[in-house]
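*Asks:* Below you'll find target-v4.cif; it's mmCIF, C-alpha atoms.
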```cif
data_my_file
#
loop_
_atom_site.label_atom_id
_atom_site.label_comp_id
_atom_site.auth_asym_id
_atom_site.auth_seq_id
_atom_site.Cartn_x
_atom_site.Cartn_y
_atom_site.Cartn_z
CA MET U 101 127.27 104.14 57.90
CA GLN U 102 129.80 102.68 60.29
CA ARG U 103 129.06 103.28 63.95
CA SER U 104 131.52 105.17 66.12
CA PHE U 105 133.00 103.90 69.38
CA PHE U 106 130.63 106.19 71.28
CA SER U 107 127.67 104.70 69.40
CA TYR U 108 128.67 101.17 70.44
CA LEU U 109 129.20 102.39 74.00
CA THR U 110 125.65 103.76 73.95
CA ILE U 111 124.39 100.37 72.74
CA SER U 112 126.19 98.71 75.66
CA LEU U 113 124.52 101.15 78.06
CA LYS U 114 121.16 100.20 76.58
CA GLY U 115 122.15 96.57 77.15
CA ILE U 116 122.90 97.37 80.80
CA ALA U 117 119.41 98.88 81.11
CA MET U 118 117.89 95.80 79.43
CA GLY U 119 119.76 93.46 81.79
CA ALA U 120 118.64 95.40 84.86
CA ALA U 121 115.02 95.24 83.67
CA ASP U 122 115.20 91.53 82.92
CA VAL U 123 116.30 90.73 86.49
CA VAL U 124 113.08 92.24 87.91
CA PRO U 125 109.94 90.05 87.80
CA GLY U 126 107.40 92.26 86.02
CA VAL U 127 109.67 94.32 83.76
CA SER U 128 110.79 93.36 80.26
CA GLY U 129 114.17 94.01 78.68
CA GLY U 130 112.30 94.05 75.38
CA THR U 131 110.53 97.19 76.56
CA ILE U 132 113.88 98.95 77.05
CA ALA U 133 115.07 97.78 73.62
CA PHE U 134 111.92 99.08 71.95
CA ILE U 135 111.80 102.54 73.47
CA SER U 136 115.57 103.04 73.02
CA GLY U 137 115.23 102.46 69.27
CA ILE U 138 117.10 99.18 68.83
CA TYR U 139 114.30 96.60 69.01
CA GLU U 140 113.76 95.91 65.31
CA GLU U 141 117.50 95.83 64.64
CA LEU U 142 117.95 93.38 67.52
CA ILE U 143 115.24 91.03 66.24
CA GLU U 144 116.54 91.16 62.66
CA SER U 145 120.15 90.63 63.76
CA ILE U 146 119.20 87.59 65.85
CA ASP U 147 117.15 86.24 62.94
CA ASN U 148 120.23 86.53 60.70
CA LEU U 149 122.30 84.38 63.07
CA ASN U 150 122.55 80.95 61.47
CA LEU U 151 125.04 78.37 60.23
CA GLY U 152 125.41 80.40 57.04
CA PHE U 153 127.84 82.53 59.08
CA PHE U 154 130.48 79.79 58.80
CA LYS U 155 129.94 79.45 55.05
CA VAL U 156 130.48 83.19 54.55
CA TRP U 157 133.53 83.02 56.85
CA LYS U 158 135.01 80.24 54.73
CA THR U 159 134.38 81.92 51.38
CA SER U 160 134.77 85.64 52.18
CA GLY U 161 136.63 85.83 55.47
CA PHE U 162 135.73 86.44 59.09
CA LYS U 163 135.27 90.22 58.76
CA THR U 164 132.62 89.84 56.05
CA ALA U 165 130.86 87.10 58.01
CA TRP U 166 130.94 89.19 61.21
CA THR U 167 129.48 92.18 59.38
CA SER U 168 126.75 90.02 57.83
CA ILE U 169 125.35 89.19 61.28
CA ASN U 170 125.78 92.75 62.62
CA GLY U 171 128.30 91.28 65.05
CA ASN U 172 129.56 94.53 66.61
CA PHE U 173 126.02 95.54 67.49
CA LEU U 174 125.17 92.16 69.06
CA LEU U 175 128.47 91.95 70.93
CA SER U 176 128.11 95.47 72.37
CA LEU U 177 124.51 94.86 73.41
CA PHE U 178 124.97 91.43 74.97
CA MET U 179 128.13 92.55 76.79
CA GLY U 180 126.03 95.28 78.40
CA ILE U 181 123.28 92.79 79.30
CA ALA U 182 125.79 90.33 80.81
CA ILE U 183 127.59 93.03 82.81
CA SER U 184 124.27 94.28 84.13
CA ILE U 185 122.88 90.90 85.15
CA LEU U 186 126.13 89.81 86.83
CA SER U 187 126.63 93.09 88.68
CA LEU U 188 123.07 94.16 89.48
CA ALA U 189 121.40 90.85 90.38
CA LYS U 190 122.08 91.23 94.10
CA LEU U 191 121.28 94.97 94.13
CA ILE U 192 117.91 94.42 92.45
CA LYS U 193 117.12 91.63 94.92
CA TRP U 194 118.02 93.97 97.81
CA LEU U 195 115.80 96.73 96.43
CA LEU U 196 112.91 94.31 95.89
CA HIS U 197 113.15 93.31 99.56
CA ASN U 198 113.95 96.68 101.17
CA GLU U 199 112.46 99.36 98.87
CA PRO U 200 109.78 97.58 96.82
CA VAL U 201 107.36 100.54 96.59
CA LEU U 202 109.97 102.93 95.18
CA LEU U 203 111.45 100.33 92.82
CA TRP U 204 108.06 99.35 91.44
CA SER U 205 107.09 103.04 91.19
CA PHE U 206 110.09 103.74 88.97
CA PHE U 207 109.28 100.82 86.69
CA PHE U 208 105.58 101.71 86.67
CA GLY U 209 106.42 105.15 85.32
CA LEU U 210 108.83 103.62 82.82
CA VAL U 211 106.28 101.15 81.45
CA LEU U 212 103.46 103.73 81.47
CA ALA U 213 105.52 106.04 79.24
CA SER U 214 106.54 103.07 77.10
CA ILE U 215 102.88 102.26 76.39
CA LEU U 216 102.32 105.77 75.10
CA TYR U 217 105.52 105.60 73.07
CA ILE U 218 104.70 102.28 71.39
CA ALA U 219 101.05 103.17 70.77
CA LYS U 220 102.25 106.36 69.10
CA GLN U 221 104.07 104.23 66.50
CA ILE U 222 100.78 102.72 65.27
CA LYS U 223 100.18 104.45 61.93
CA LYS U 224 96.63 103.32 61.22
CA TRP U 225 93.97 102.62 63.84
CA SER U 226 91.24 100.14 62.99
CA PRO U 227 88.79 97.83 64.82
CA THR U 228 91.33 94.99 64.39
CA VAL U 229 94.07 97.04 66.05
CA VAL U 230 91.79 98.00 68.96
CA LEU U 231 90.66 94.37 69.38
CA ALA U 232 94.28 93.18 69.41
CA ILE U 233 95.11 95.68 72.16
CA VAL U 234 92.09 94.65 74.25
CA LEU U 235 92.67 90.89 73.91
CA THR U 236 96.41 91.01 74.62
CA SER U 237 95.82 93.38 77.55
CA ILE U 238 93.44 90.82 79.07
CA LEU U 239 95.86 87.94 78.38
CA SER U 240 98.81 89.83 79.88
CA TYR U 241 96.73 90.83 82.91
CA TYR U 242 95.78 87.22 83.64
CA ILE U 243 99.41 86.15 83.25
CA THR U 244 100.25 88.55 86.11
CA LEU U 245 97.64 86.77 88.26
CA ALA U 246 99.11 83.32 87.66
CA GLU U 247 100.27 81.51 90.76
CA PRO U 248 103.90 80.36 90.67
CA PHE U 249 104.62 76.69 91.19
CA ALA U 250 107.73 74.74 92.12
CA SER U 251 109.80 73.27 89.31
CA PRO U 252 110.91 69.65 89.26
CA ASP U 253 114.66 69.08 89.47
CA SER U 254 115.01 68.15 85.82
CA PRO U 255 117.44 69.33 83.11
CA TYR U 256 114.64 69.10 80.53
CA TYR U 257 112.52 71.44 82.63
CA LEU U 258 115.36 73.99 82.82
CA LEU U 259 115.66 73.80 79.03
CA PHE U 260 111.93 74.49 78.77
CA CYS U 261 112.16 77.39 81.23
CA GLY U 262 114.99 78.98 79.25
CA PHE U 263 113.00 78.56 76.03
CA ILE U 264 109.84 80.22 77.41
CA ALA U 265 111.59 82.94 79.45
CA ILE U 266 113.69 84.27 76.56
CA ILE U 267 110.57 84.63 74.41
CA ALA U 268 109.01 86.71 77.17
CA MET U 269 112.19 88.74 77.67
CA ILE U 270 112.27 89.95 74.06
CA LEU U 271 108.56 90.79 74.06
CA PRO U 272 107.94 94.33 75.35
CA GLY U 273 105.54 94.16 78.28
CA VAL U 274 106.12 90.50 79.11
CA SER U 275 108.66 89.85 81.86
CA GLY U 276 110.95 86.86 81.38
CA ALA U 277 111.86 87.00 85.08
CA PHE U 278 108.18 86.83 86.02
CA ILE U 279 107.63 83.88 83.67
CA LEU U 280 110.54 82.13 85.42
CA LEU U 281 108.86 82.94 88.74
CA ILE U 282 105.59 81.42 87.54
CA LEU U 283 107.46 78.34 86.31
CA GLY U 284 109.24 78.05 89.67
CA ALA U 285 112.71 78.57 88.16
CA TYR U 286 113.39 82.21 89.10
CA GLN U 287 115.32 81.38 92.26
CA THR U 288 117.32 78.76 90.34
CA ALA U 289 118.21 81.33 87.67
CA ILE U 290 119.24 84.01 90.20
CA ASP U 291 121.22 81.47 92.24
CA THR U 292 122.95 80.33 89.04
CA ILE U 293 124.09 83.88 88.24
CA ASN U 294 125.26 84.61 91.78
CA ASN U 295 126.97 81.22 92.24
CA ILE U 296 128.90 81.50 88.96
CA ARG U 297 130.25 84.88 90.06
CA ASP U 298 130.91 83.78 93.66
CA GLY U 299 132.50 80.51 92.55
CA LEU U 300 134.96 82.34 90.29
CA PHE U 301 135.82 85.02 92.85
CA THR U 302 136.27 82.57 95.76
CA GLY U 303 137.86 79.75 93.78
CA ASN U 304 135.06 77.34 94.76
CA MET U 305 135.05 75.23 91.60
CA GLU U 306 132.39 72.85 92.90
CA LEU U 307 129.97 75.74 93.36
CA PHE U 308 130.93 77.10 89.93
CA LYS U 309 130.54 73.69 88.23
CA ASP U 310 127.02 73.06 89.53
CA ALA U 311 125.93 76.60 88.64
CA PHE U 312 127.51 76.40 85.19
CA ILE U 313 125.57 73.23 84.33
CA ASN U 314 122.29 74.99 85.14
CA PHE U 315 123.46 78.02 83.16
CA VAL U 316 124.19 75.91 80.08
CA LEU U 317 120.75 74.29 80.25
CA LEU U 318 118.95 77.62 80.63
CA ALA U 319 121.13 79.22 77.94
CA LEU U 320 120.57 76.38 75.48
CA GLY U 321 116.81 76.65 75.91
CA ALA U 322 117.11 80.42 75.50
CA VAL U 323 119.13 80.12 72.26
CA ILE U 324 116.53 77.78 70.74
CA GLY U 325 113.66 79.99 71.89
CA ILE U 326 115.12 83.26 70.67
CA LYS U 327 115.98 81.82 67.25
CA VAL U 328 112.48 80.42 66.74
CA PHE U 329 110.64 83.48 68.00
CA SER U 330 112.89 86.15 66.45
CA LYS U 331 112.07 84.79 63.00
CA ILE U 332 108.34 85.13 63.72
CA LEU U 333 108.74 88.64 65.18
CA ASN U 334 110.98 89.76 62.32
CA TRP U 335 108.37 88.64 59.78
CA MET U 336 105.58 90.36 61.73
CA PHE U 337 107.44 93.67 61.92
CA LYS U 338 108.14 93.58 58.18
CA HIS U 339 104.64 92.52 57.05
CA LYS U 340 102.19 93.26 59.91
CA LYS U 341 103.80 96.11 61.81
CA ASN U 342 100.60 97.86 62.91
CA ILE U 343 99.03 94.76 64.41
CA THR U 344 102.37 93.77 65.97
CA LEU U 345 102.64 97.16 67.69
CA ALA U 346 99.04 96.78 68.89
CA ILE U 347 99.84 93.36 70.39
CA LEU U 348 102.93 94.73 72.16
CA THR U 349 100.93 97.71 73.48
CA GLY U 350 98.32 95.36 74.89
CA PHE U 351 100.91 93.17 76.60
CA MET U 352 102.38 96.25 78.27
CA ILE U 353 98.98 97.56 79.43
CA GLY U 354 98.18 94.23 81.06
CA SER U 355 101.61 94.08 82.73
CA LEU U 356 100.88 97.26 84.71
CA ASN U 357 99.02 95.14 87.26
CA LYS U 358 102.22 93.27 88.12
CA ILE U 359 104.30 96.42 88.64
CA TRP U 360 101.68 98.46 90.53
CA PRO U 361 103.68 99.74 93.55
CA TRP U 362 101.13 99.04 96.30
CA LYS U 363 100.28 95.41 96.95
CA LYS U 364 98.85 93.13 99.55
CA ILE U 365 101.01 90.04 100.11
CA LEU U 366 98.97 86.84 99.85
CA THR U 367 101.76 84.26 100.03
CA THR U 368 105.55 84.36 100.50
CA ARG U 369 108.61 82.32 99.56
CA LEU U 370 112.22 82.02 100.76
CA ASN U 371 114.87 83.38 98.40
CA SER U 372 118.41 82.04 98.02
CA GLU U 373 119.49 83.81 101.26
CA ASN U 374 116.53 82.28 103.16
CA ILE U 375 114.87 85.70 103.34
CA GLU U 376 111.09 85.72 103.12
CA VAL U 377 109.93 87.59 100.00
CA PRO U 378 106.50 88.02 98.34
CA LEU U 379 105.31 85.22 96.07
CA LEU U 380 101.67 86.00 95.27
CA GLU U 381 100.37 89.56 95.63
CA LYS U 382 97.24 91.61 94.98
CA SER U 383 97.23 95.23 93.76
CA ILE U 384 95.55 97.64 96.21
CA LEU U 385 95.08 101.40 96.63
CA PRO U 386 97.85 103.33 98.47
CA GLN U 387 95.54 104.11 101.43
CA ASN U 388 94.95 100.39 101.95
CA PHE U 389 98.68 99.56 101.98
CA ASN U 390 99.93 97.83 105.13
CA GLY U 391 102.73 100.15 106.21
CA ASP U 392 104.20 103.38 104.88
CA SER U 393 102.79 103.90 101.39
CA GLN U 394 105.58 106.45 100.62
CA LEU U 395 103.02 108.11 98.33
CA VAL U 396 104.93 111.34 97.68
CA MET U 397 108.26 109.59 96.96
CA ALA U 398 106.44 106.97 94.90
CA ILE U 399 104.95 109.68 92.68
CA VAL U 400 108.42 111.23 92.34
CA PHE U 401 109.87 107.88 91.21
CA ILE U 402 106.98 107.33 88.79
CA ILE U 403 107.82 110.69 87.23
CA ILE U 404 111.53 109.79 87.13
CA GLY U 405 110.68 106.52 85.37
CA PHE U 406 108.44 108.36 82.93
CA LEU U 407 111.15 110.92 82.16
CA THR U 408 113.71 108.12 81.69
CA ILE U 409 111.75 107.04 78.62
CA LEU U 410 112.07 110.51 77.15
CA ILE U 411 115.86 110.27 77.54
CA LEU U 412 116.00 106.77 76.03
CA GLU U 413 113.73 107.89 73.20
CA ARG U 414 116.09 110.78 72.46
CA LEU U 415 119.04 108.36 72.45
CA GLY U 416 117.14 106.12 70.06
CA LYS U 417 116.37 108.87 67.55
CA GLY U 418 119.73 108.61 65.85
CA LYS U 419 119.41 104.85 65.41
CA GLU U 420 118.15 104.80 61.83
CA ASN U 421 121.05 106.94 60.65
CA THR U 422 123.68 104.83 62.37
CA ASN U 423 122.83 101.33 61.12
CA PRO U 424 125.88 99.72 59.52
#
```
Let me see the structure of the file written as structure tokens.

*Replies:*
Amino acid sequence: MQRSFFSYLTISLKGIAMGAADVVPGVSGGTIAFISGIYEELIESIDNLNLGFFKVWKTSGFKTAWTSINGNFLLSLFMGIAISILSLAKLIKWLLHNEPVLLWSFFFGLVLASILYIAKQIKKWSPTVVLAIVLTSILSYYITLAEPFASPDSPYYLLFCGFIAIIAMILPGVSGAFILLILGAYQTAIDTINNIRDGLFTGNMELFKDAFINFVLLALGAVIGIKVFSKILNWMFKHKKNITLAILTGFMIGSLNKIWPWKKILTTRLNSENIEVPLLEKSILPQNFNGDSQLVMAIVFIIIGFLTILILERLGKGKENTNP
């Protein structure tokens, strides 16, 4: 079936949600894609992107080639992601600095519901499935404990960061933004986004040029990473779906440590506006939080995040009947 305009608009809205999640260290855009019912289609569509597109274009025309790669779906989704990242980057940074407990509470509820949603998709439970969940939970947990380090000023390193971060971004439960933070490239990535926008709006071409070079390096690494990894994920979903879902569930369980709302700050860093923000943190109980724990409002936002998954799940239900 051909999708309607409203259907593509809904896909763009899901892209906006994915982009907002990807900006936050600790939350994965892949999680949003999965619970909104577009994850497998996204992975398969990316896997189908190759040079064969130009061959089909030459022999059968652009429309046939565009349809063969599910172009309308990808364009709608990535437009939403781009709009979100460009427009929400500063807002998310402000919330992280000024309302961290409430922001993390919302995402904690979102990921908690996502774990239940993904685990529910596992059709057959076995010792192998349980072991996969346990091992990946432990791995994901220890990733959240990793101490960030500063990146060298090297184009090759930015390529590497883009390659690794995009793999994390499309894995539910693994935050690409947090991987960039660990690699020391998160501030560079956020500055790149903000400087491209500011350079265009203010006419500062020097600012735009420097930011655009970093963007190209990160994007090139991301393109290589997503092509390599999407092929692996696509194969796993088609041939080992149960174990794949178990692995994704485990990654999300382990990630809960990173997005626990109440933390003790161990070390800090300066962001692009020279504002001191947390770098390394430790999860603690609300009663041990230094300051207002906002416990009641935090619980409210956890519930809101949890209920958001129910809405996204409902939006995703019609997905199978609307594939082109």

*Asks:* Ranking U:Leu281, U:Ile270, U:Leu113, U:Phe263 by minimum distance to Ser330 in chain U and counting all atoms listed in the file, which one comes first?

*Replies:* U:Ile270

*Asks:* So which residues touch Ala165 in chain U within 6 Å, counting all atoms listed in the file, skipping near sequence neighbours fewer than 3 positions away, as number ranges by chain?

*Replies:* U: 153, 156-157, 162, 168

*Asks:* Carefully work through the PyMOL selection byres ((chain U and resi 334-340) around 8) for this structure and note down the residues it includes, as a list in words.

*Replies:*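 Residues picked by the PyMOL selection byres ((chain U and resi 334-340) around 8): Glu140, Ile143, Glu144, Asp147, Ser330, Lys331, Ile332, Leu333, Lys341, Asn342, Ile343 and Thr344 of chain U.
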
*Asks:* Please provide the set of residues having any atom within 12 Å of Thr228 in chain U, restricted to all atoms listed in the file, with same-chain residues fewer than 2 positions apart removed, written as a list in words.

*Replies:*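 After dropping sequence-adjacent residues, the list is Lys224, Trp225, Ser226, Val230, Leu231, Ala232, Ile233, Val234, Leu235, Lys340, Asn342, Ile343, Thr344, Leu345, Ala346 and Ile347 of chain U.
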
*Asks:* Have a look at CA of Lys114 in chain U and CA of Ser145 in chain U and let me know their distance in Å, one decimal.

*Replies:*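 CA of Ser145 in chain U lies 16.0 Å from CA of Lys114 in chain U.
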
*Asks:* So which residues get picked by the PyMOL selection byres ((chain U and resi 104-110) around 8) here, written as a list in words?

*Replies:* Gln102, Arg103, Ile111, Ser112, Leu113, Lys114, Asn172, Phe173 and Ser176 of chain U

*Asks:* Quick check, in Å to one decimal: how far apart do CA of Gly130 in chain U and CA of Leu271 in chain U lie?

*Replies:*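 Spanning CA of Gly130 in chain U to CA of Leu271 in chain U is a straight-line distance of 5.1 Å.
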
*Asks:* For this structure, which residues satisfy the selection - the PyMOL selection byres ((chain U and resi 310) around 12) - when it is evaluated on the file as given? I want them as a list in words.

*Replies:*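 Listing what the PyMOL selection byres ((chain U and resi 310) around 12) selects in the shown file: Thr288, Asp291, Thr292, Ile293, Asn294, Asn295, Ile296, Gly299, Asn304, Met305, Glu306, Leu307, Phe308, Lys309, Ala311, Phe312, Ile313, Asn314, Phe315, Val316 and Leu317 of chain U.
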
*Asks:* For a test of reading the model, state the distance in Å between CA of His197 in chain U and CA of Ile215 in chain U, rounded to one decimal.

*Replies:*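 Rounded to one decimal, the two atoms are 26.9 Å apart.
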
*Asks:* Would you please work out which residue, of U:Ser205, U:Thr408, U:Thr367, U:Asn357, is nearest to Leu395 in chain U when using only C-alpha atoms?

*Replies:*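 With only C-alpha atoms as the atom set, the closest residue is U:Ser205.
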
*Asks:* Calculated over only C-alpha atoms, which of the candidates U:Val323, U:Leu407, U:Leu380, U:Ala121 has the smallest distance to Ala246 in chain U?

*Replies:*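 Of the candidates, the smallest distance to Ala246 in chain U is held by U:Leu380.
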
*Asks:* Please work out which residues fall within 12 Å of (109.5, 109.7, 88.1), coordinates as given in the file, with only C-alpha atoms counting, and return them as a list in words.

*Replies:* Leu202, Leu203, Trp204, Ser205, Phe206, Phe207, Phe208, Gly209, Leu210, Val211, Leu212, Ala213, Val396, Met397, Ala398, Ile399, Val400, Phe401, Ile402, Ile403, Ile404, Gly405, Phe406, Leu407, Thr408, Ile409 and Leu410 of chain U

*Asks:* Which one of U:Ala319, U:Ile238, U:Leu259, U:Ile218 sits closest to Ser136 in chain U if you count only C-alpha atoms?

*Replies:* U:Ile218

*Asks:* From the set U:Glu199, U:Asp298, U:Asp122, U:Glu141, which residue has the shortest atom-to-atom contact distance to Ser184 in chain U, counting all atoms listed in the file?

*Replies:*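 Between U:Glu199, U:Asp298, U:Asp122, U:Glu141, the residue approaching Ser184 in chain U most closely is U:Asp122.
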
*Asks:* Between U:Ile290, U:Val123, U:Leu149, U:Val274, which one has atoms that come closest to Lys327 in chain U, using only C-alpha atoms?

*Replies:* U:Leu149

*Asks:* Env of Ile365 in chain U: 12 Å cut, atoms = all atoms listed in the file, seq-sep filter 5 positions within chain, self excluded. Answer as number ranges by chain.

*Replies:* U: 376-384, 389-391

*Asks:* Would you save the residues from that selection as a PDB file, in the coordinates of the input, using C-alpha atoms?

*Replies:*
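File produced: selection-v2.pdb:
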```
ATOM      1  CA  GLU U 376     111.090  85.720 103.120  1.00  0.00           C
ATOM      2  CA  VAL U 377     109.930  87.590 100.000  1.00  0.00           C
ATOM      3  CA  PRO U 378     106.500  88.020  98.340  1.00  0.00           C
ATOM      4  CA  LEU U 379     105.310  85.220  96.070  1.00  0.00           C
ATOM      5  CA  LEU U 380     101.670  86.000  95.270  1.00  0.00           C
ATOM      6  CA  GLU U 381     100.370  89.560  95.630  1.00  0.00           C
ATOM      7  CA  LYS U 382      97.240  91.610  94.980  1.00  0.00           C
ATOM      8  CA  SER U 383      97.230  95.230  93.760  1.00  0.00           C
ATOM      9  CA  ILE U 384      95.550  97.640  96.210  1.00  0.00           C
ATOM     10  CA  PHE U 389      98.680  99.560 101.980  1.00  0.00           C
ATOM     11  CA  ASN U 390      99.930  97.830 105.130  1.00  0.00           C
ATOM     12  CA  GLY U 391     102.730 100.150 106.210  1.00  0.00           C
TER      13      GLY U 391
END
```

*Asks:* Contacts of Asp392 in chain U at 10 Å or less, counting all atoms listed in the file, minus same-chain residues fewer than 4 places along, as a ChimeraX atom specification?

*Replies:* /U:201,386-387
